[in-house]
Structure formats: structure tokens, C-alpha cells
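Visitor: My structure file query16.txt, compact mmCIF, C-alpha atoms, is below:
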```txt
# COMPACT_ATOMS: atom_id res chain seq x y z
CA MET O 1258 -15.26 -20.69 -40.14
CA LEU O 1259 -13.48 -17.32 -40.25
CA THR O 1260 -15.22 -15.14 -42.84
CA LYS O 1261 -14.73 -11.62 -44.17
CA THR O 1262 -17.81 -10.08 -45.75
CA GLU O 1263 -19.76 -6.89 -46.33
CA ALA O 1264 -22.80 -6.37 -44.13
CA ILE O 1265 -25.80 -4.08 -43.64
CA VAL O 1266 -26.86 -3.39 -40.06
CA LEU O 1267 -30.59 -4.01 -39.57
CA HIS O 1268 -31.09 -3.80 -35.81
CA ALA O 1269 -29.12 -3.74 -32.58
CA PHE O 1270 -29.93 -3.90 -28.88
CA LYS O 1271 -27.93 -4.02 -25.68
CA TYR O 1272 -27.29 -7.51 -24.29
CA GLY O 1273 -26.14 -7.27 -20.71
CA GLU O 1274 -23.80 -4.54 -19.55
CA THR O 1275 -20.97 -4.97 -22.04
CA ARG O 1276 -22.43 -6.57 -25.15
CA MET O 1277 -24.85 -5.96 -28.01
CA VAL O 1278 -26.80 -8.29 -30.27
CA VAL O 1279 -26.69 -7.02 -33.84
CA ASP O 1280 -28.77 -8.34 -36.74
CA MET O 1281 -27.14 -7.90 -40.14
CA PHE O 1282 -27.72 -8.87 -43.73
CA THR O 1283 -24.40 -10.09 -45.11
CA ARG O 1284 -23.27 -10.56 -48.69
CA THR O 1285 -21.89 -14.08 -48.23
CA ASN O 1286 -24.18 -15.64 -45.64
CA GLY O 1287 -27.47 -13.77 -45.75
CA ARG O 1288 -29.17 -12.80 -42.49
CA LEU O 1289 -27.12 -13.38 -39.34
CA SER O 1290 -27.20 -12.32 -35.70
CA PHE O 1291 -23.97 -11.38 -33.95
CA VAL O 1292 -22.90 -10.84 -30.38
CA VAL O 1293 -20.63 -7.79 -30.12
CA GLN O 1294 -18.36 -6.97 -27.22
CA LEU O 1295 -18.64 -3.25 -26.49
CA PRO O 1296 -15.37 -1.36 -25.97
CA LYS O 1297 -14.55 -0.21 -22.45
CA SER O 1298 -13.09 3.06 -23.73
CA ALA O 1299 -13.43 5.40 -26.71
CA LYS O 1300 -10.18 3.97 -28.09
CA GLY O 1301 -11.72 0.55 -28.72
CA LYS O 1302 -11.78 -0.62 -32.33
CA MET O 1303 -15.40 -1.81 -32.23
CA LYS O 1304 -17.30 1.49 -32.14
CA LYS O 1305 -20.88 1.49 -30.89
CA GLN O 1306 -21.86 3.94 -33.65
CA PHE O 1307 -20.96 1.28 -36.25
CA PHE O 1308 -24.21 -0.46 -35.39
CA GLN O 1309 -26.68 2.30 -36.20
CA PRO O 1310 -29.51 1.17 -38.54
CA LEU O 1311 -28.43 0.62 -42.16
CA THR O 1312 -24.74 1.29 -41.55
CA LEU O 1313 -22.64 -0.45 -44.21
CA LEU O 1314 -19.75 -2.46 -42.77
CA ASN O 1315 -16.84 -4.69 -43.60
CA VAL O 1316 -16.87 -7.40 -40.94
CA GLU O 1317 -14.77 -10.36 -39.94
CA CYS O 1318 -16.60 -13.09 -38.08
CA ASP O 1319 -16.42 -16.69 -36.96
CA ILE O 1320 -19.49 -18.31 -38.54
CA ARG O 1321 -20.72 -21.56 -37.05
CA PRO O 1322 -24.02 -22.72 -38.60
CA ARG O 1323 -25.43 -24.30 -35.44
CA LEU O 1324 -25.07 -21.15 -33.36
CA GLN O 1325 -27.85 -18.57 -33.15
CA LEU O 1326 -25.40 -15.80 -32.23
CA GLN O 1327 -22.22 -15.56 -34.27
CA LYS O 1328 -19.03 -14.01 -32.93
CA LEU O 1329 -18.00 -10.72 -34.54
CA SER O 1330 -14.22 -10.27 -34.53
CA SER O 1331 -13.92 -6.85 -36.21
CA ALA O 1332 -15.93 -4.23 -38.05
CA THR O 1333 -15.02 -1.18 -40.13
CA ILE O 1334 -17.14 1.22 -42.16
CA LEU O 1335 -17.58 0.06 -45.76
CA THR O 1336 -19.11 3.26 -47.15
CA PRO O 1337 -20.09 6.29 -45.05
CA LEU O 1338 -23.70 7.45 -45.50
CA PRO O 1339 -23.60 10.69 -43.50
CA THR O 1340 -26.81 12.33 -44.71
CA LEU O 1341 -28.96 9.36 -43.64
CA GLN O 1342 -28.26 10.16 -39.98
CA MET O 1343 -28.01 13.95 -40.24
CA GLU O 1344 -31.01 15.02 -42.33
CA PRO O 1345 -34.38 14.55 -40.53
CA VAL O 1346 -36.33 13.45 -43.61
CA LYS O 1347 -33.72 10.88 -44.63
CA LEU O 1348 -33.38 9.70 -41.03
CA SER O 1349 -37.12 8.99 -40.89
CA ILE O 1350 -36.90 7.04 -44.15
CA THR O 1351 -33.85 5.18 -42.86
CA LEU O 1352 -35.56 4.12 -39.63
CA PHE O 1353 -38.58 2.91 -41.59
CA LEU O 1354 -36.44 0.96 -44.08
CA ALA O 1355 -34.37 -0.58 -41.28
CA GLU O 1356 -37.49 -1.88 -39.53
CA PHE O 1357 -38.98 -3.02 -42.83
CA LEU O 1358 -35.81 -4.93 -43.80
CA TYR O 1359 -35.46 -6.41 -40.32
CA HIS O 1360 -38.77 -8.22 -40.84
CA ALA O 1361 -38.67 -8.71 -44.63
CA LEU O 1362 -35.26 -10.42 -44.56
CA LYS O 1363 -35.90 -12.84 -41.70
CA GLY O 1364 -34.51 -16.20 -42.74
CA GLU O 1365 -33.08 -14.77 -45.97
CA GLN O 1366 -30.16 -16.83 -47.23
CA ARG O 1367 -27.31 -15.64 -49.41
CA ASN O 1368 -28.78 -13.32 -52.06
CA GLU O 1369 -26.10 -11.12 -53.58
CA PRO O 1370 -28.39 -9.35 -56.11
CA LEU O 1371 -30.68 -8.33 -53.23
CA PHE O 1372 -27.69 -7.27 -51.13
CA ASP O 1373 -26.38 -5.11 -53.99
CA TYR O 1374 -29.84 -3.62 -54.53
CA VAL O 1375 -30.13 -2.51 -50.91
CA ILE O 1376 -26.63 -1.04 -50.82
CA SER O 1377 -26.99 0.83 -54.13
CA SER O 1378 -30.38 2.19 -53.02
CA LEU O 1379 -28.96 3.50 -49.73
CA GLN O 1380 -26.03 5.10 -51.54
CA TRP O 1381 -28.43 6.74 -53.97
CA LEU O 1382 -30.55 8.12 -51.12
CA ASP O 1383 -27.45 9.42 -49.32
CA GLY O 1384 -26.31 11.27 -52.44
CA CYS O 1385 -29.71 12.72 -53.37
CA SER O 1386 -30.14 16.36 -52.35
CA ASN O 1387 -33.95 16.64 -52.66
CA HIS O 1388 -37.15 15.08 -54.01
CA VAL O 1389 -37.01 11.90 -51.89
CA ALA O 1390 -40.69 11.78 -50.88
CA ASN O 1391 -41.40 8.74 -53.08
CA PHE O 1392 -38.17 6.88 -52.34
CA HIS O 1393 -39.68 4.32 -49.96
CA LEU O 1394 -42.40 3.42 -52.47
CA VAL O 1395 -39.86 2.71 -55.20
CA PHE O 1396 -37.64 0.79 -52.78
CA LEU O 1397 -40.42 -1.53 -51.59
CA MET O 1398 -41.89 -2.37 -54.98
CA ARG O 1399 -38.55 -2.87 -56.74
CA MET O 1400 -37.29 -5.07 -53.91
CA ALA O 1401 -40.12 -7.55 -54.53
CA ARG O 1402 -38.23 -8.69 -57.65
CA PHE O 1403 -35.44 -10.12 -55.47
CA LEU O 1404 -37.85 -11.92 -53.13
CA GLY O 1405 -39.79 -13.68 -55.86
CA PHE O 1406 -43.13 -11.85 -56.00
CA TYR O 1407 -42.55 -8.96 -58.42
CA PRO O 1408 -45.87 -7.85 -59.99
CA ASN O 1409 -46.47 -9.15 -63.50
CA LEU O 1410 -47.49 -6.15 -65.59
CA ASP O 1411 -48.16 -8.04 -68.83
CA GLY O 1412 -51.87 -8.52 -68.21
CA TYR O 1413 -52.66 -4.90 -67.41
CA GLU O 1414 -55.42 -3.10 -69.23
CA PRO O 1415 -57.72 -0.30 -68.10
CA GLY O 1416 -60.49 -1.55 -65.83
CA CYS O 1417 -58.73 -4.68 -64.60
CA CYS O 1418 -58.16 -5.64 -60.98
CA PHE O 1419 -54.93 -6.74 -59.30
CA ASP O 1420 -54.67 -10.13 -57.61
CA LEU O 1421 -52.37 -9.54 -54.63
CA ARG O 1422 -51.76 -13.27 -54.14
CA ALA O 1423 -50.91 -14.11 -57.76
CA SER O 1424 -49.20 -10.74 -58.41
CA THR O 1425 -51.11 -10.40 -61.67
CA PHE O 1426 -53.61 -8.08 -63.34
CA SER O 1427 -56.84 -9.61 -64.61
CA MET O 1428 -60.22 -8.57 -65.95
CA GLU O 1429 -61.80 -11.39 -63.89
CA ARG O 1430 -61.99 -10.90 -60.15
CA PRO O 1431 -60.52 -13.85 -58.20
CA LEU O 1432 -62.63 -15.75 -55.67
CA HIS O 1433 -60.54 -14.71 -52.67
CA HIS O 1434 -60.56 -11.25 -51.05
CA ASP O 1435 -56.88 -10.30 -51.53
CA VAL O 1436 -57.59 -8.22 -54.59
CA LEU O 1437 -57.50 -4.54 -55.54
CA PRO O 1438 -60.42 -3.13 -57.58
CA PRO O 1439 -59.63 -1.27 -60.83
CA ASP O 1440 -59.11 2.19 -59.26
CA GLU O 1441 -56.66 0.69 -56.73
CA ALA O 1442 -55.03 -1.62 -59.29
CA ASP O 1443 -53.97 1.50 -61.20
CA LYS O 1444 -51.98 2.52 -58.10
CA VAL O 1445 -49.83 -0.62 -58.39
CA LEU O 1446 -49.07 0.27 -62.01
CA LEU O 1447 -48.22 3.81 -60.91
CA MET O 1448 -45.68 2.55 -58.36
CA MET O 1449 -44.13 0.20 -60.90
CA ARG O 1450 -43.62 3.09 -63.33
CA MET O 1451 -41.48 4.96 -60.78
CA ASP O 1452 -37.74 4.59 -60.38
CA TYR O 1453 -35.19 6.62 -58.43
CA ALA O 1454 -34.32 8.80 -61.42
CA THR O 1455 -37.92 9.72 -62.29
CA MET O 1456 -39.83 9.47 -58.99
CA HIS O 1457 -39.72 13.26 -58.50
CA VAL O 1458 -41.92 13.64 -61.60
CA PHE O 1459 -44.81 11.86 -59.87
CA ARG O 1460 -46.64 14.50 -57.86
CA LEU O 1461 -48.63 12.76 -55.16
CA THR O 1462 -50.85 14.16 -52.46
CA HIS O 1463 -50.16 13.25 -48.86
CA HIS O 1464 -53.22 10.96 -48.87
CA ASP O 1465 -52.26 9.25 -52.14
CA ARG O 1466 -48.69 8.60 -51.01
CA ASN O 1467 -49.88 7.02 -47.77
CA ARG O 1468 -52.42 4.90 -49.63
CA LEU O 1469 -49.70 3.62 -51.97
CA LEU O 1470 -47.59 2.73 -48.95
CA ASP O 1471 -50.53 0.87 -47.38
CA ILE O 1472 -50.96 -1.14 -50.57
CA ALA O 1473 -47.25 -1.98 -50.77
CA LEU O 1474 -47.15 -3.16 -47.14
CA THR O 1475 -50.35 -5.19 -47.56
CA TYR O 1476 -48.73 -6.85 -50.57
CA TYR O 1477 -45.70 -7.79 -48.47
CA ARG O 1478 -47.85 -9.15 -45.65
CA ILE O 1479 -49.63 -11.47 -48.07
CA HIS O 1480 -46.36 -12.86 -49.44
CA LEU O 1481 -44.49 -12.82 -46.11
CA PRO O 1482 -47.17 -14.08 -43.68
CA ALA O 1483 -45.22 -13.30 -40.49
CA PHE O 1484 -44.69 -9.68 -41.53
CA PRO O 1485 -46.02 -7.44 -38.69
CA GLU O 1486 -47.29 -3.89 -38.35
CA LEU O 1487 -44.34 -1.48 -38.37
CA HIS O 1488 -43.82 0.87 -35.43
CA SER O 1489 -42.02 3.45 -37.60
CA LEU O 1490 -44.89 3.70 -40.08
CA GLY O 1491 -46.71 6.49 -38.24
CA VAL O 1492 -43.77 8.90 -38.44
CA LEU O 1493 -43.37 8.31 -42.17
CA GLN O 1494 -47.11 8.78 -42.78
CA GLU O 1495 -47.03 12.22 -41.15
CA MET O 1496 -44.33 13.54 -43.45
CA TRP O 1497 -44.83 15.69 -46.56
CA GLU O 1498 -48.25 16.98 -45.51
```
Could you show the structure in this file as C-alpha cells?

Guide:
Amino acid sequence: MLTKTEAIVLHAFKYGETRMVVDMFTRTNGRLSFVVQLPKSAKGKMKKQFFQPLTLLNVECDIRPRLQLQKLSSATILTPLPTLQMEPVKLSITLFLAEFLYHALKGEQRNEPLFDYVISSLQWLDGCSNHVANFHLVFLMRMARFLGFYPNLDGYEPGCCFDLRASTFSMERPLHHDVLPPDEADKVLLMMRMDYATMHVFRLTHHDRNRLLDIALTYYRIHLPAFPELHSLGVLQEMWE
């Protein structure tokens, strides 16, 4: 079926001498993998640079549900995000988010609210001139809403723990070990208080920021069991020392 849709590039690798395999999250069909014929000259319409991580595209494709690799007919830039590739700090965040989304969205079906959330977040990051050190923390915790395991804040009170499996605060410690003690549970509340507009107000030490990221990724691994260790994590953890 010939389909025109918006798409977010997650990952790409060379497939033979003249082709690429590109994983994308599309508005109309969710996560898909495409085979892309590389142009033989610079004048080709399908530019290799279109498939950099988190590039936003308009694509036309022939979608056949039984195929693992869909055929991509054309691609054009939907919205340029120049600072994400030009500024070192934003580039590091972009590479981390691309790897994170590549694993977090595996098997994700059509989910337009999630698609819009990712696009609006990337556009916000591209347009922000400074104070982006907490961006990835906000992105990860807010995204949980669209995947079905957003933390329930209603039960919070000082001294409670946080059940990572049930996504709830409680004064009674659960029997399993996937739980944060009270001092760590407060860190979940801290992340949930942040948003893009106010995250610059939260002054975190290098250690605290990395600990919050560890908690967020542990939370995802519990709810997405196949979620692996991320190769790009080390670079992000070394920033803002």
C-alpha cells in the first residue's frame, strides 16, 4: 500500500554497497524498517544525510505488512533541526536519545500522541539556546506517559518508597526488590516536577544528574524487559562536570 507519512529516523546502517537499512518511527504505521537505495551521485534525490539520527522526514513508501523491510520511494526533510548536529552538547544528547528511542520503540504500533511528543521535544531542543543539561531527564520521564507506565504521584508523602514495578509511591515496602528507598524515591518526584520550561531552575550536581538518569533507565528496563545497556550513556554521563 502506497503511504505518505511523517517519520523520525532512529538508526541507519549500510546494507551492501548501494543500500542502507533505516529504522524509523512513523506517524501512521509506528516503527518500521526500510531499505533505501543510495544515490550514485550527489544529484540523487535520496540524500544520505537525510538518515542521520533523529532527522524529521516526509516519506513515501510501499508498506506491505508481511515484509520486514519496507521499500522507501522518496524522502524529504520535514523540519530542519540544524543545532542538533552542529552543537556538541546537543549532538551528544541527540545520539543518546536516538539510541534510547531505537530500543524503547521496538514493536511500537501507531501512536500519534507519542509521535507528536517526540517531534515537539526535538524542536524545542533545537530552538533552545542554553540550559539543556536536564533535557534528557525530562524527556525520559514524560515519555513514560505515552508508553503506559507514567509514575502515579497521588500516593506521595515524605518518607515513602517508590515501587518501580507498580509505578506508585507507598509507605509500605513491597516484597520484591525493584523499589527505591525514601531518599531515592524523592528523586523520582524531583524529575516529575521538571518540564522543559522550568528544568533550568533545578540545579543538579554532576553526580545527582547521573544518578537520576540511572534511575530513569532502570525504570525503563523494568517495564521494557528487553531494554539493553546503552552504548552512548558514557558520553552523556561525562558531560556537565

Visitor: Under the rule that all atoms listed in the file are counted, which of O:Leu1461, O:Leu1394, O:Leu1446, O:Met1400 is the nearest residue to Tyr1374 (chain O)?

Guide: O:Met1400

Visitor: Please, what distance in Å, to one decimal, runs between CA of Val1266 (chain O) and CA of Met1456 (chain O)?

Guide: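 According to the coordinates, CA of Val1266 (chain O) and CA of Met1456 (chain O) are separated by 26.3 Å.
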
Visitor: What are the closest atom pairs, with distances in Å to one decimal, for all residues of region 1355-1413 of chain O lying within 7 Å of region 1274-1285 of chain O? Consider all atoms listed in the file, order rows by chain and residue number, and present the result as a Markdown table.

Guide:
```
| residue | atom | partner | partner_atom | distance |
| --- | --- | --- | --- | --- |
| O:Arg1367 | CA | O:Thr1285 | CA | 5.8 |
| O:Glu1369 | CA | O:Arg1284 | CA | 5.7 |
| O:Phe1372 | CA | O:Arg1284 | CA | 6.0 |
```

Visitor: For the selection you just gave me, I'd like the residues written to a file as a compact mmCIF listing (two decimals), keeping the file's coordinate frame, keeping C-alpha atoms.

Guide:
```
# COMPACT_ATOMS: atom_id res chain seq x y z
CA ARG O 1367 -27.31 -15.64 -49.41
CA GLU O 1369 -26.10 -11.12 -53.58
CA PHE O 1372 -27.69 -7.27 -51.13
```

Visitor: With all atoms listed in the file counted and 8 Å as the cut-off, give the residues of region 1364-1410 of chain O in contact with region 1287-1294 of chain O, each with its shortest interatomic distance in Å and the pair that gives it, as JSON lines.

Guide:
```
{"residue": "O:Gly1364", "atom": "CA", "partner": "O:Arg1288", "partner_atom": "CA", "distance": 6.3}
{"residue": "O:Glu1365", "atom": "CA", "partner": "O:Arg1288", "partner_atom": "CA", "distance": 5.6}
{"residue": "O:Gln1366", "atom": "CA", "partner": "O:Gly1287", "partner_atom": "CA", "distance": 4.3}
{"residue": "O:Arg1367", "atom": "CA", "partner": "O:Gly1287", "partner_atom": "CA", "distance": 4.1}
{"residue": "O:Asn1368", "atom": "CA", "partner": "O:Gly1287", "partner_atom": "CA", "distance": 6.5}
```

Visitor: Nearest residue to His1457 (chain O) out of O:Leu1324, O:Ala1483, O:Leu1474, O:Ala1390, using all atoms listed in the file?

Guide: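 Of all the options, O:Ala1390 lies closest to His1457 (chain O).
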
Visitor: Go through O:Lys1302, O:Arg1450, O:His1393, O:His1433 and flag the residue nearest Asp1420 (chain O), using all atoms listed in the file for the distances.

Guide: O:His1433

Visitor: Counting only C-alpha atoms, figure out which residue out of O:Met1451, O:Leu1329, O:Leu1481, O:Val1458 gets nearest to Ala1401 (chain O).

Guide: O:Leu1481

Visitor: Determine, counting all atoms listed in the file, which protein, DNA and RNA residues have an atom within 12 Å of an atom of Arg1402 (chain O); residues of the same chain fewer than 6 positions away are not included. Present the result as a PyMOL selection string.

Guide: chain O and resi 1368+1370-1371+1374+1395-1396+1408-1409+1424+1449+1477

Visitor: Rounded to one decimal in Å, what is the spacing between CA of Ser1489 (chain O) and CA of Phe1353 (chain O)?

Guide: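 Computing it gives 5.3 Å between the two atoms.
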
Visitor: Just the number, please: distance in Å from CA of His1268 (chain O) to CA of Pro1310 (chain O), one decimal.

Guide: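 Distance reported for this atom pair: 5.9 Å.
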
Visitor: What's around Asn1391 (chain O) at 12 Å? Count all atoms listed in the file, leave out sequence neighbours fewer than 6 positions away in its own chain, and write the answer as number ranges by chain.

Guide: O: 1346-1347, 1350, 1382, 1397-1398, 1447-1463, 1465-1467, 1469-1470, 1493-1494, 1496-1497

Visitor: Using all atoms listed in the file, which of the listed residues (O:Glu1495, O:Leu1404, O:Ala1473, O:Leu1311) sits closest to Ala1361 (chain O)?

Guide: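 Looking only at the distances to Ala1361 (chain O), the closest residue turns out to be O:Leu1404.
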
Visitor: So which one's closest to Glu1429 (chain O), O:Ser1330, O:Leu1338, O:Asp1443, O:Tyr1413? Using only C-alpha atoms, please.

Guide: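 Looking only at the distances to Glu1429 (chain O), the closest residue turns out to be O:Tyr1413.
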
Visitor: I'd like the contact shell of Phe1419 (chain O) - 9 Å cut-off, all atoms listed in the file, skipping same-chain residues fewer than 5 positions apart - returned as a PyMOL selection string.

Guide: chain O and resi 1413+1424-1428+1430+1435-1439+1441-1443+1445

Visitor: Which neighbours of Arg1321 (chain O) fall inside 9 Å, counting all atoms listed in the file, when residues of the same chain fewer than 4 positions from it are skipped, and could you give them as a PyMOL selection string?

Guide: chain O and resi 1258-1259+1325-1328
